[in-house]
>>> print(open('data-v8.cif').read())   # mmCIF, C-alpha atoms
data_start
loop_
_atom_site.label_atom_id
_atom_site.label_comp_id
_atom_site.auth_asym_id
_atom_site.auth_seq_id
_atom_site.Cartn_x
_atom_site.Cartn_y
_atom_site.Cartn_z
CA MET T 1 -58.97 28.58 -51.79
CA PRO T 2 -58.70 32.29 -52.68
CA SER T 3 -56.67 34.39 -50.27
CA ARG T 4 -59.24 36.87 -49.02
CA GLY T 5 -61.19 36.99 -45.81
CA LEU T 6 -59.51 33.92 -44.34
CA PHE T 7 -59.71 33.06 -40.66
CA TYR T 8 -56.62 31.81 -38.84
CA ALA T 9 -57.21 30.21 -35.45
CA ARG T 10 -54.76 31.05 -32.70
CA LEU T 11 -54.37 27.82 -30.79
CA GLU T 12 -53.86 27.40 -27.07
CA ASP T 13 -51.00 25.54 -25.40
CA ARG T 14 -52.81 22.21 -24.83
CA ASP T 15 -54.86 22.16 -28.01
CA TRP T 16 -53.31 19.03 -29.52
CA THR T 17 -56.08 16.82 -28.07
CA PHE T 18 -58.68 19.21 -29.48
CA ILE T 19 -57.01 19.02 -32.91
CA GLU T 20 -56.80 15.23 -32.76
CA GLY T 21 -60.52 15.03 -31.99
CA LEU T 22 -61.58 17.01 -35.06
CA GLY T 23 -62.71 15.42 -38.33
CA ASP T 24 -61.07 15.66 -41.72
CA GLU T 25 -62.11 19.27 -42.35
CA PRO T 26 -60.78 21.97 -40.00
CA PRO T 27 -63.13 24.69 -38.66
CA PHE T 28 -60.55 27.33 -39.70
CA ASP T 29 -58.52 28.24 -42.78
CA GLY T 30 -55.18 27.93 -41.02
CA CYS T 31 -53.76 28.35 -37.54
CA VAL T 32 -51.02 30.09 -35.58
CA ILE T 33 -48.83 28.63 -32.81
CA ARG T 34 -46.78 30.71 -30.40
CA ALA T 35 -43.15 29.62 -30.26
CA ASN T 36 -43.17 29.03 -26.50
CA TYR T 37 -45.92 26.41 -27.01
CA LEU T 38 -43.29 24.32 -28.81
CA ALA T 39 -40.58 24.76 -26.18
CA PRO T 40 -39.39 21.90 -23.95
CA TYR T 41 -41.13 21.69 -20.59
CA PRO T 42 -38.92 22.96 -17.75
CA PRO T 43 -38.17 20.76 -14.71
CA GLU T 44 -40.78 22.53 -12.56
CA ASP T 45 -43.55 21.68 -15.07
CA GLY T 46 -45.48 18.47 -14.44
CA ARG T 47 -45.09 17.64 -18.13
CA HIS T 48 -41.29 17.71 -17.99
CA GLY T 49 -39.86 15.04 -20.27
CA GLN T 50 -42.97 14.73 -22.44
CA ASP T 51 -42.95 15.52 -26.16
CA HIS T 52 -43.05 19.29 -26.45
CA ASP T 53 -44.10 19.52 -30.10
CA LEU T 54 -47.43 17.68 -29.78
CA LEU T 55 -49.34 20.67 -31.11
CA SER T 56 -47.43 20.99 -34.38
CA SER T 57 -47.33 17.19 -34.72
CA ALA T 58 -51.13 16.98 -34.43
CA LEU T 59 -51.46 19.51 -37.25
CA GLU T 60 -48.87 17.69 -39.35
CA ASP T 61 -50.79 14.43 -38.91
CA LYS T 62 -53.94 16.18 -40.14
CA GLY T 63 -52.09 17.81 -43.02
CA TRP T 64 -53.34 21.23 -41.92
CA SER T 65 -51.41 24.44 -42.53
CA TRP T 66 -49.95 26.37 -39.60
CA ALA T 67 -47.72 29.38 -39.04
CA LEU T 68 -45.39 30.26 -36.20
CA ASP T 69 -45.66 33.35 -34.04
CA PRO T 70 -42.02 33.69 -32.87
CA HIS T 71 -43.35 35.81 -29.97
CA THR T 72 -39.96 37.43 -29.48
CA ALA T 73 -41.15 40.98 -28.74
CA PRO T 74 -41.43 40.29 -24.96
CA HIS T 75 -37.75 39.36 -24.80
CA ILE T 76 -36.76 43.02 -25.15
CA HIS T 77 -38.76 44.03 -22.05
CA HIS T 78 -36.39 45.41 -19.39
CA ARG T 79 -37.63 42.81 -16.87
CA ALA T 80 -37.49 39.88 -19.31
CA HIS T 81 -34.70 38.21 -17.33
CA GLU T 82 -36.99 38.12 -14.27
CA TRP T 83 -40.54 37.87 -15.61
CA THR T 84 -40.22 35.51 -18.60
CA SER T 85 -42.00 32.25 -17.76
CA PRO T 86 -39.88 29.11 -17.37
CA ARG T 87 -41.23 27.49 -20.53
CA ALA T 88 -40.87 30.66 -22.62
CA ARG T 89 -37.32 30.93 -21.30
CA ASN T 90 -36.78 27.35 -22.50
CA CYS T 91 -37.67 28.27 -26.09
CA SER T 92 -34.65 28.12 -28.40
CA LEU T 93 -35.42 31.62 -29.67
CA ALA T 94 -35.29 33.11 -26.17
CA GLN T 95 -31.89 31.48 -25.68
CA ALA T 96 -30.34 33.02 -28.80
CA LEU T 97 -28.94 35.85 -26.66
CA PRO T 98 -29.14 36.76 -22.97
CA LEU T 99 -32.38 38.21 -21.60
CA PRO T 100 -33.35 40.96 -21.77
CA TRP T 101 -32.59 41.44 -25.44
CA THR T 102 -31.34 44.82 -26.60
CA LEU T 103 -31.39 46.54 -29.95
CA GLU T 104 -27.62 46.78 -29.68
CA GLY T 105 -27.37 43.01 -29.33
CA LEU T 106 -29.70 42.39 -32.27
CA ALA T 107 -27.63 44.78 -34.39
CA ASP T 108 -24.90 42.12 -34.42
CA ALA T 109 -25.23 40.22 -37.72
CA GLU T 110 -23.78 37.05 -36.21
CA ILE T 111 -26.35 37.03 -33.39
CA ARG T 112 -29.17 37.67 -35.87
CA GLY T 113 -27.91 34.79 -37.99
CA GLU T 114 -28.05 32.45 -34.99
CA LEU T 115 -31.56 33.67 -34.17
CA ILE T 116 -32.75 33.05 -37.74
CA ASP T 117 -31.22 29.56 -37.72
CA ARG T 118 -33.18 28.72 -34.58
CA SER T 119 -36.34 30.27 -36.00
CA VAL T 120 -36.14 28.29 -39.23
CA SER T 121 -35.61 25.03 -37.34
CA LEU T 122 -38.90 25.56 -35.49
CA GLN T 123 -40.79 26.02 -38.75
CA GLU T 124 -39.77 23.00 -40.81
CA SER T 125 -43.37 21.85 -41.25
CA ALA T 126 -44.99 25.31 -41.23
CA GLY T 127 -46.61 26.82 -44.29
CA PRO T 128 -45.11 30.35 -44.33
CA LEU T 129 -41.78 31.30 -42.74
CA ALA T 130 -42.17 33.89 -39.98
CA ALA T 131 -39.46 36.32 -38.99
CA PRO T 132 -38.59 36.97 -35.32
CA TYR T 133 -39.57 40.50 -34.30
CA VAL T 134 -39.38 43.28 -31.76
CA GLU T 135 -42.01 45.91 -31.10
CA VAL T 136 -41.81 48.96 -33.36
CA ASP T 137 -41.16 51.96 -31.12
CA ARG T 138 -41.63 55.53 -32.38
CA ARG T 139 -39.15 56.68 -29.71
CA ASP T 140 -36.40 54.48 -31.14
CA LEU T 141 -36.62 53.89 -34.88
CA ARG T 142 -33.77 51.40 -34.69
CA SER T 143 -36.54 48.94 -33.83
CA THR T 144 -37.86 49.19 -37.39
CA THR T 145 -34.37 48.73 -38.83
CA ILE T 146 -33.76 45.61 -36.69
CA ASN T 147 -37.08 44.15 -37.82
CA CYS T 148 -36.15 44.78 -41.44
CA HIS T 149 -32.82 42.99 -40.99
CA LEU T 150 -34.63 40.01 -39.46
CA ILE T 151 -37.16 39.94 -42.30
CA THR T 152 -34.45 40.09 -44.97
CA ALA T 153 -32.47 37.31 -43.32
CA THR T 154 -35.64 35.21 -43.11
CA ALA T 155 -36.47 35.88 -46.76
CA GLU T 156 -33.02 34.65 -47.75
CA ARG T 157 -33.86 31.32 -46.11
CA ALA T 158 -37.48 31.05 -47.24
CA ALA T 159 -37.09 29.18 -50.56
CA ASP T 160 -40.70 28.60 -51.65
CA GLN T 161 -42.22 29.55 -48.27
CA ARG T 162 -44.12 32.82 -48.03
CA VAL T 163 -42.36 35.34 -45.77
CA LEU T 164 -44.48 36.41 -42.80
CA ALA T 165 -43.68 39.48 -40.69
CA TYR T 166 -45.25 40.62 -37.43
CA LEU T 167 -45.76 44.37 -37.07
CA GLN T 168 -46.35 45.02 -33.38
CA ALA T 169 -46.66 48.52 -31.97
CA LEU T 170 -48.60 50.74 -29.59
CA PRO T 171 -51.50 52.96 -30.74
CA GLY T 172 -49.31 56.07 -30.54
CA SER T 173 -47.03 54.65 -33.22
CA LEU T 174 -50.08 53.71 -35.28
CA ARG T 175 -51.58 57.20 -35.21
CA SER T 176 -48.24 58.98 -35.78
CA GLY T 177 -47.56 57.21 -39.07
CA VAL T 178 -44.51 55.35 -37.73
CA VAL T 179 -46.27 52.00 -38.20
CA ALA T 180 -47.26 52.81 -41.80
CA GLU T 181 -43.66 53.70 -42.62
CA ALA T 182 -42.46 50.53 -40.89
CA ALA T 183 -44.91 48.46 -42.95
CA LYS T 184 -43.55 49.96 -46.15
CA ARG T 185 -40.02 49.11 -45.12
CA PHE T 186 -41.08 45.60 -44.09
CA VAL T 187 -42.36 44.96 -47.62
CA GLU T 188 -39.15 46.34 -49.12
CA ALA T 189 -37.20 43.99 -46.81
CA GLY T 190 -39.08 40.97 -48.19
CA ALA T 191 -42.30 40.60 -46.15
CA GLU T 192 -45.16 39.16 -48.19
CA THR T 193 -47.72 38.88 -45.39
CA ILE T 194 -47.85 41.29 -42.44
CA PHE T 195 -49.66 40.45 -39.22
CA ILE T 196 -50.83 43.71 -37.64
CA ARG T 197 -50.50 43.60 -33.85
CA ILE T 198 -51.50 46.84 -32.11
CA ARG T 199 -51.00 46.43 -28.37
CA SER T 200 -53.65 48.23 -26.26
CA PHE T 201 -55.66 48.92 -29.42
CA ASP T 202 -59.01 50.51 -28.51
CA SER T 203 -61.61 49.37 -31.03
CA GLY T 204 -63.98 51.94 -29.57
CA ASN T 205 -61.67 54.86 -30.40
CA PHE T 206 -62.62 56.30 -33.78
CA ASP T 207 -59.21 57.78 -34.54
CA GLN T 208 -57.50 54.45 -33.85
CA ILE T 209 -60.08 52.60 -35.96
CA VAL T 210 -59.49 54.89 -38.95
CA ALA T 211 -55.70 54.68 -38.55
CA TYR T 212 -55.91 50.87 -38.47
CA LEU T 213 -58.02 50.76 -41.64
CA GLU T 214 -55.64 53.18 -43.36
CA LEU T 215 -52.74 50.90 -42.40
CA VAL T 216 -54.56 47.91 -43.94
CA GLU T 217 -54.98 49.84 -47.19
CA ALA T 218 -51.35 50.99 -47.16
CA ILE T 219 -50.00 47.45 -46.71
CA GLU T 220 -52.18 46.18 -49.53
CA ALA T 221 -51.09 49.08 -51.77
CA ASN T 222 -47.45 48.22 -51.07
CA GLY T 223 -48.03 44.69 -52.37
CA ALA T 224 -48.27 42.62 -49.18
CA ARG T 225 -51.18 40.87 -47.50
CA PRO T 226 -52.35 42.52 -44.25
CA VAL T 227 -53.74 40.31 -41.47
CA ALA T 228 -55.66 41.68 -38.47
CA ASP T 229 -54.03 39.74 -35.64
CA SER T 230 -55.79 39.29 -32.28
CA ALA T 231 -58.08 42.27 -32.86
CA GLY T 232 -61.27 40.60 -31.64
CA TYR T 233 -64.47 41.29 -33.53
CA PHE T 234 -62.83 44.34 -35.07
CA GLY T 235 -60.91 41.84 -37.19
CA THR T 236 -64.03 41.42 -39.33
CA VAL T 237 -64.12 45.18 -39.88
CA ALA T 238 -60.47 45.14 -40.94
CA VAL T 239 -61.27 42.33 -43.39
CA ALA T 240 -64.15 44.37 -44.78
CA GLY T 241 -61.69 47.23 -45.19
CA GLY T 242 -59.27 45.09 -47.22
CA ALA T 243 -57.35 42.85 -44.80
CA ASP T 244 -56.47 39.48 -46.25
CA ALA T 245 -57.37 37.61 -43.05
CA MET T 246 -58.03 37.87 -39.33
CA THR T 247 -56.90 35.78 -36.36
CA ALA T 248 -58.53 34.96 -33.03
CA GLY T 249 -58.76 32.16 -30.54
CA ALA T 250 -61.82 30.26 -29.42
CA ARG T 251 -61.33 31.83 -25.99
CA TYR T 252 -58.07 33.81 -25.79
CA PHE T 253 -56.14 35.91 -28.34
CA ARG T 254 -58.87 38.50 -28.80
CA THR T 255 -56.40 41.28 -27.97
CA VAL T 256 -52.62 41.66 -28.21
CA SER T 257 -51.22 40.72 -24.82
CA PRO T 258 -48.98 43.05 -22.76
CA LEU T 259 -45.33 42.95 -23.71
CA LEU T 260 -44.63 41.08 -20.47
CA THR T 261 -46.45 40.75 -17.14
CA ARG T 262 -45.18 40.15 -13.64
CA PRO T 263 -45.57 36.45 -12.72
CA LYS T 264 -48.37 35.63 -10.31
CA LYS T 265 -47.32 34.89 -6.75
CA ARG T 266 -47.44 31.26 -5.71
CA VAL T 267 -49.17 30.36 -2.46
CA GLN T 268 -48.80 27.42 -0.15
CA SER T 269 -51.72 24.98 -0.35
CA ASP T 270 -53.06 22.85 2.49
CA GLU T 271 -51.16 19.87 1.12
CA GLY T 272 -47.88 21.78 1.31
CA SER T 273 -47.37 22.16 -2.45
CA LYS T 274 -47.26 25.46 -4.26
CA LYS T 275 -49.79 26.50 -6.85
CA ASN T 276 -50.68 29.59 -8.88
CA ASN T 277 -53.60 31.81 -7.97
CA GLY T 278 -56.37 32.45 -10.44
CA GLY T 279 -57.80 30.43 -13.33
CA GLY T 280 -58.42 30.52 -17.04
CA ARG T 281 -60.85 32.80 -18.78
CA PRO T 282 -64.32 31.19 -19.14
CA LEU T 283 -65.17 29.79 -22.55
CA ARG T 284 -68.02 31.78 -24.09
CA TYR T 285 -70.39 30.97 -26.94
CA GLU T 286 -70.37 33.04 -30.15
CA LEU T 287 -73.80 34.28 -31.16
CA PRO T 288 -74.12 33.74 -34.93
CA GLY T 289 -73.99 36.93 -36.94
CA LEU T 290 -73.99 39.29 -33.96
CA LEU T 291 -70.27 39.77 -33.17
CA ASP T 292 -71.04 38.98 -29.56
CA SER T 293 -70.85 36.06 -27.17
CA VAL T 294 -72.67 34.81 -24.08
CA THR T 295 -72.05 32.27 -21.34
CA PRO T 296 -72.79 28.71 -22.57
CA GLY T 297 -76.15 27.54 -21.26
CA GLU T 298 -77.79 30.97 -21.44
CA GLU T 299 -81.07 31.07 -23.34
CA ALA T 300 -79.55 33.12 -26.16
CA ALA T 301 -76.84 30.47 -26.65
CA LEU T 302 -79.27 27.56 -26.60
CA GLN T 303 -81.44 29.21 -29.27
CA ALA T 304 -78.54 30.20 -31.54
CA ILE T 305 -78.16 28.26 -34.80
CA CYS T 306 -74.70 28.01 -36.33
CA PRO T 307 -74.72 28.60 -40.12
CA GLU T 308 -72.21 25.77 -40.54
CA SER T 309 -74.23 22.65 -41.37
CA GLU T 310 -71.77 20.29 -39.67
CA CYS T 311 -71.69 22.26 -36.41
CA ARG T 312 -73.38 20.33 -33.60
CA ALA T 313 -72.84 22.89 -30.85
CA ALA T 314 -76.01 23.98 -29.12
CA GLY T 315 -74.65 26.41 -26.56
CA SER T 316 -74.61 23.74 -23.85
CA GLU T 317 -72.14 24.42 -21.06
CA ASP T 318 -71.12 20.75 -20.82
CA GLU T 319 -69.74 20.46 -24.37
CA PRO T 320 -66.63 22.70 -24.38
CA ALA T 321 -64.99 21.00 -27.38
CA LEU T 322 -68.11 21.50 -29.50
CA ILE T 323 -68.34 25.12 -28.39
CA ARG T 324 -64.73 25.70 -29.42
CA VAL T 325 -65.49 24.24 -32.85
CA HIS T 326 -68.58 26.42 -33.12
CA ASN T 327 -66.66 29.54 -32.14
CA PHE T 328 -64.12 28.87 -34.88
CA HIS T 329 -66.97 28.22 -37.35
CA GLU T 330 -68.59 31.52 -36.45
CA LEU T 331 -65.41 33.59 -36.63
CA ARG T 332 -64.57 32.01 -39.99
CA HIS T 333 -68.07 32.63 -41.28
CA MET T 334 -68.01 36.30 -40.29
CA SER T 335 -64.56 36.81 -41.79
CA HIS T 336 -65.64 35.30 -45.10
CA PHE T 337 -68.87 37.30 -45.01
CA ALA T 338 -67.03 40.57 -44.32
CA ALA T 339 -64.64 39.91 -47.21
CA ASP T 340 -67.53 39.31 -49.61
CA ALA T 341 -69.37 42.42 -48.43
CA GLY T 342 -66.35 44.72 -48.42
CA LEU T 343 -67.16 48.22 -47.24
CA ARG T 344 -70.86 47.33 -47.55
CA PHE T 345 -70.29 45.35 -44.35
CA ALA T 346 -71.29 48.65 -42.73
CA GLU T 347 -74.90 47.74 -43.55
CA THR T 348 -74.62 44.55 -41.49
CA LEU T 349 -73.05 46.48 -38.64
CA ARG T 350 -75.97 48.91 -38.65
CA VAL T 351 -78.40 45.98 -38.45
CA ILE T 352 -76.47 44.61 -35.45
CA GLY T 353 -76.99 48.06 -33.99
CA SER T 354 -74.74 48.00 -30.93
CA PRO T 355 -72.87 51.25 -30.15
CA MET T 356 -69.59 49.60 -31.17
CA ALA T 357 -71.02 48.19 -34.39
CA LEU T 358 -72.43 51.60 -35.33
CA LEU T 359 -69.03 53.20 -34.71
CA TRP T 360 -67.36 50.62 -36.96
CA ALA T 361 -70.01 51.23 -39.63
CA LYS T 362 -69.22 54.93 -39.49
CA ALA T 363 -65.52 54.19 -40.05
CA LEU T 364 -66.24 51.93 -43.04
CA ASP T 365 -68.56 54.58 -44.50
CA GLN T 366 -65.77 57.13 -44.16
CA ARG T 367 -63.35 54.82 -45.98
CA ALA T 368 -65.94 54.27 -48.73
CA GLU T 369 -66.40 58.01 -49.15
CA GLY T 370 -62.65 58.51 -49.26
CA ARG T 371 -62.28 55.95 -52.03
CA ARG T 372 -65.09 57.54 -54.04
CA THR T 373 -63.46 60.94 -53.90
CA ALA T 374 -59.91 59.70 -54.48
#
>>> encode(input="data-v8.cif", output="C-alpha cells")
Amino acid sequence: MPSRGLFYARLEDRDWTFIEGLGDEPPFDGCVIRANYLAPYPPEDGRHGQDHDLLSSALEDKGWSWALDPHTAPHIHHRAHEWTSPRARNCSLAQALPLPWTLEGLADAEIRGELIDRSVSLQESAGPLAAPYVEVDRRDLRSTTINCHLITATAERAADQRVLAYLQALPGSLRSGVVAEAAKRFVEAGAETIFIRIRSFDSGNFDQIVAYLELVEAIEANGARPVADSAGYFGTVAVAGGADAMTAGARYFRTVSPLLTRPKKRVQSDEGSKKNNGGGRPLRYELPGLLDSVTPGEEAALQAICPESECRAAGSEDEPALIRVHNFHELRHMSHFAADAGLRFAETLRVIGSPMALLWAKALDQRAEGRRTA
C-alpha cells in the first residue's frame, strides 16, 4: 500500500475484545497504542494480575501493524509525582527515573540509555520504533536537544524498523517557528516519521491552521513523513496539504490531551466502596463525507450510508461495535480522499459549507496560491 493519506486508529485501553471481533481486514491502515495501555495493572485495579498486553497481543494474532506512543511528555509535568495515574505510573517507561522527570535528569546519557532499553522492549512486535519524548518548549530549547538525543539513541537500535518521533508542543511554539526548527533537527537526528501533536490546537484559528500546514510542508521537504496526530477532522486538511497520514480514535483522541490533569476525587458509594465520578464520552456516529458526527439513533445517522461496502453500521444506538467500525471506515475514507484530492480538497470543503470547512478551504487555497507563486 502506498504511503500517502493513511489512517492510523488510536485504540482505547480495553479495545482488545473489539480487535478480536473484527474480520480479516482491519478498518484502518495501522494503529497506535499508548504505552500506559500496556503497563501492568496496579493492585487497586480490578484487573490486577491479568495479562496487561492483551491489546498488542490481539493485534499480533491478527498480523496487523501497530506503533507505540511512549506518552512520556506528561512525566515532566511538575505535579507528575502526584497526578500520574496508578497504571501510568506502573509503566516501565515512567519508572526509568523518578517522577517528575527533569531535563537535567534526561541529559544524563546513562539514564537515557536505560529509558531507550525499556522503550525498545515494549516495541518488539511493533512496526516502527518510536522514541520517548518530552514537549518542545520555546522557553527552554533544551527540550528540543533532549528529544534529538532520544531520537538518535532510538535510531541506533532500530535496525530495519522505521524511526518514529513525536513532536509535541503548544500553539505558541508552532507559530513562533520553534516547532519547525525542532522538526528539522528531529530529521537530522534520525527521525523518518514525525507525529505532529499540537496541544490546545485551535482548528478554527486561521493563523494556527496556516502554521500547521507550513509545518507539514517543512517536514516533508526535510525528507520525513509528517502525520497529523489527534487533530480531529482537521487531520484530513493536513493530509490534503501533504501529511502522510492522520490519526484519530473512534471516540477519543480527537485532540491532544492536556499534559497532565488532576485526578478526579473519589466518593463513597452507598455500598461503602469508592468509585470515580463521571463517565466516558458518548460514542457518536460519523456522517459520511461531512466531517461531522451525530448521536447514534438520530435520523441523520439512520439515513447515512457508509461508502465501505462491508460496513453494516446503520447508525443504531444499540450496535456500538459496528459504529466503531463505521467510524474508522469513514475516517479512513476521508483521509484517502483528501490525499487523492490534494489542495483541491478545498472544493469538497466548500461543498460541505460549514463555517469551519470554509475556513479550512481558505487555508488550502492560500497554500495552493503560495505554491503557484513559489
>>> atom_distance(input="data-v8.cif", atom1="CA of Pro282 (chain T)", atom2="CA of Pro263 (chain T)")
20.5 Å
>>> closest_residue(input="data-v8.cif", among="T:Ala183, T:Cys91, T:Ala153, T:Ala321", to="Glu20 (chain T)", atoms="all atoms listed in the file")
T:Ala321
>>> resolve_selection(input="data-v8.cif", expression="the PyMOL selection byres ((chain T and resi 297-304) around 10)", output="number ranges by chain")
T: 284-289, 293-296, 305-307, 313-318
>>> residues_around(input="data-v8.cif", residues="region 240-257 of chain T", least_positions_apart="5", cutoff="7 Å", atoms="all atoms listed in the file", output="PyMOL selection string")
chain T and resi 3-11+197-200+213+216-217+225-232+235+283-284+324+327-328+338-339+341-343+345+364
>>> residues_around(input="data-v8.cif", residues="Trp360 (chain T)", least_positions_apart="5", cutoff="12 Å", atoms="only C-alpha atoms", output="number ranges by chain")
T: 202-210, 212-213, 233-238, 240-241, 291, 343-350, 352-355, 365-367
>>> atom_distance(input="data-v8.cif", atom1="CA of Ala67 (chain T)", atom2="CA of Val120 (chain T)")
11.6 Å
>>> atom_distance(input="data-v8.cif", atom1="CA of Pro40 (chain T)", atom2="CA of Leu106 (chain T)")
24.1 Å
>>> resolve_selection(input="data-v8.cif", expression="the PyMOL selection byres ((chain T and resi 126-141) around 6)", output="list in words")
Ser65, Trp66, Ala67, Pro70, Thr72, Ala73, Gln123, Glu124, Ser125, Arg142, Ser143, Thr144, Asn147, Ile151, Thr154, Gln161, Arg162, Val163, Leu164, Ala165, Gln168, Ala169 and Ser173 of chain T
>>> resolve_selection(input="data-v8.cif", expression="the PyMOL selection byres ((chain T and resi 188) around 12)", output="JSON, numbers by chain")
{"T": [145, 147, 148, 149, 151, 152, 155, 163, 165, 181, 182, 183, 184, 185, 186, 187, 189, 190, 191, 192, 193, 219, 222, 223, 224]}
>>> closest_residue(input="data-v8.cif", among="T:Phe201, T:Trp16, T:Phe28, T:Phe337", to="Pro171 (chain T)", atoms="all atoms listed in the file")
T:Phe201
>>> closest_residue(input="data-v8.cif", among="T:Ile111, T:Trp83, T:Asp15, T:Ile116", to="Lys265 (chain T)", atoms="all atoms listed in the file")
T:Trp83
>>> closest_residue(input="data-v8.cif", among="T:Ala80, T:Ala368, T:Val178, T:Cys311", to="Leu99 (chain T)", atoms="only C-alpha atoms")
T:Ala80
>>> closest_residue(input="data-v8.cif", among="T:His329, T:Arg14, T:Lys362, T:Arg372", to="Asp29 (chain T)", atoms="all atoms listed in the file")
T:His329
>>> closest_residue(input="data-v8.cif", among="T:Leu167, T:Leu54, T:Leu59, T:Ala221", to="Cys31 (chain T)", atoms="all atoms listed in the file")
T:Leu59
>>> decode(input="data-v8.cif", residues="region 31-73 of chain T", atoms="C-alpha atoms", output="compact mmCIF listing (two decimals), in the first residue's frame")
# COMPACT_ATOMS: atom_id res chain seq x y z
CA CYS T 31 -2.97 1.71 14.78
CA VAL T 32 -1.33 3.41 17.74
CA ILE T 33 -1.22 2.21 21.36
CA ARG T 34 -0.30 4.42 24.31
CA ALA T 35 2.43 2.91 26.46
CA ASN T 36 0.37 3.02 29.66
CA TYR T 37 -2.20 0.72 28.00
CA LEU T 38 0.49 -1.97 28.06
CA ALA T 39 1.50 -1.41 31.70
CA PRO T 40 0.77 -3.95 34.45
CA TYR T 41 -2.45 -3.32 36.36
CA PRO T 42 -1.79 -1.84 39.82
CA PRO T 43 -3.16 -3.53 42.97
CA GLU T 44 -6.08 -1.08 43.22
CA ASP T 45 -7.28 -2.02 39.71
CA GLY T 46 -9.88 -4.78 39.48
CA ARG T 47 -7.83 -6.31 36.66
CA HIS T 48 -4.72 -6.70 38.80
CA GLY T 49 -2.91 -9.90 37.89
CA GLN T 50 -4.46 -10.20 34.43
CA ASP T 51 -2.38 -10.11 31.24
CA HIS T 52 -1.54 -6.48 30.62
CA ASP T 53 -0.51 -6.79 26.97
CA LEU T 54 -3.83 -8.10 25.62
CA LEU T 55 -4.13 -5.17 23.21
CA SER T 56 -0.81 -5.71 21.46
CA SER T 57 -1.32 -9.48 21.56
CA ALA T 58 -4.69 -9.15 19.79
CA LEU T 59 -3.01 -7.15 17.02
CA GLU T 60 -0.15 -9.65 16.80
CA ASP T 61 -2.65 -12.50 16.43
CA LYS T 62 -4.29 -10.61 13.56
CA GLY T 63 -0.94 -9.78 11.98
CA TRP T 64 -1.85 -6.08 11.94
CA SER T 65 0.74 -3.32 12.19
CA TRP T 66 0.86 -1.09 15.26
CA ALA T 67 3.04 1.66 16.66
CA LEU T 68 3.72 2.75 20.22
CA ASP T 69 3.03 6.18 21.62
CA PRO T 70 5.54 6.26 24.52
CA HIS T 71 3.38 9.02 26.06
CA THR T 72 6.29 10.27 28.14
CA ALA T 73 5.65 14.01 27.83
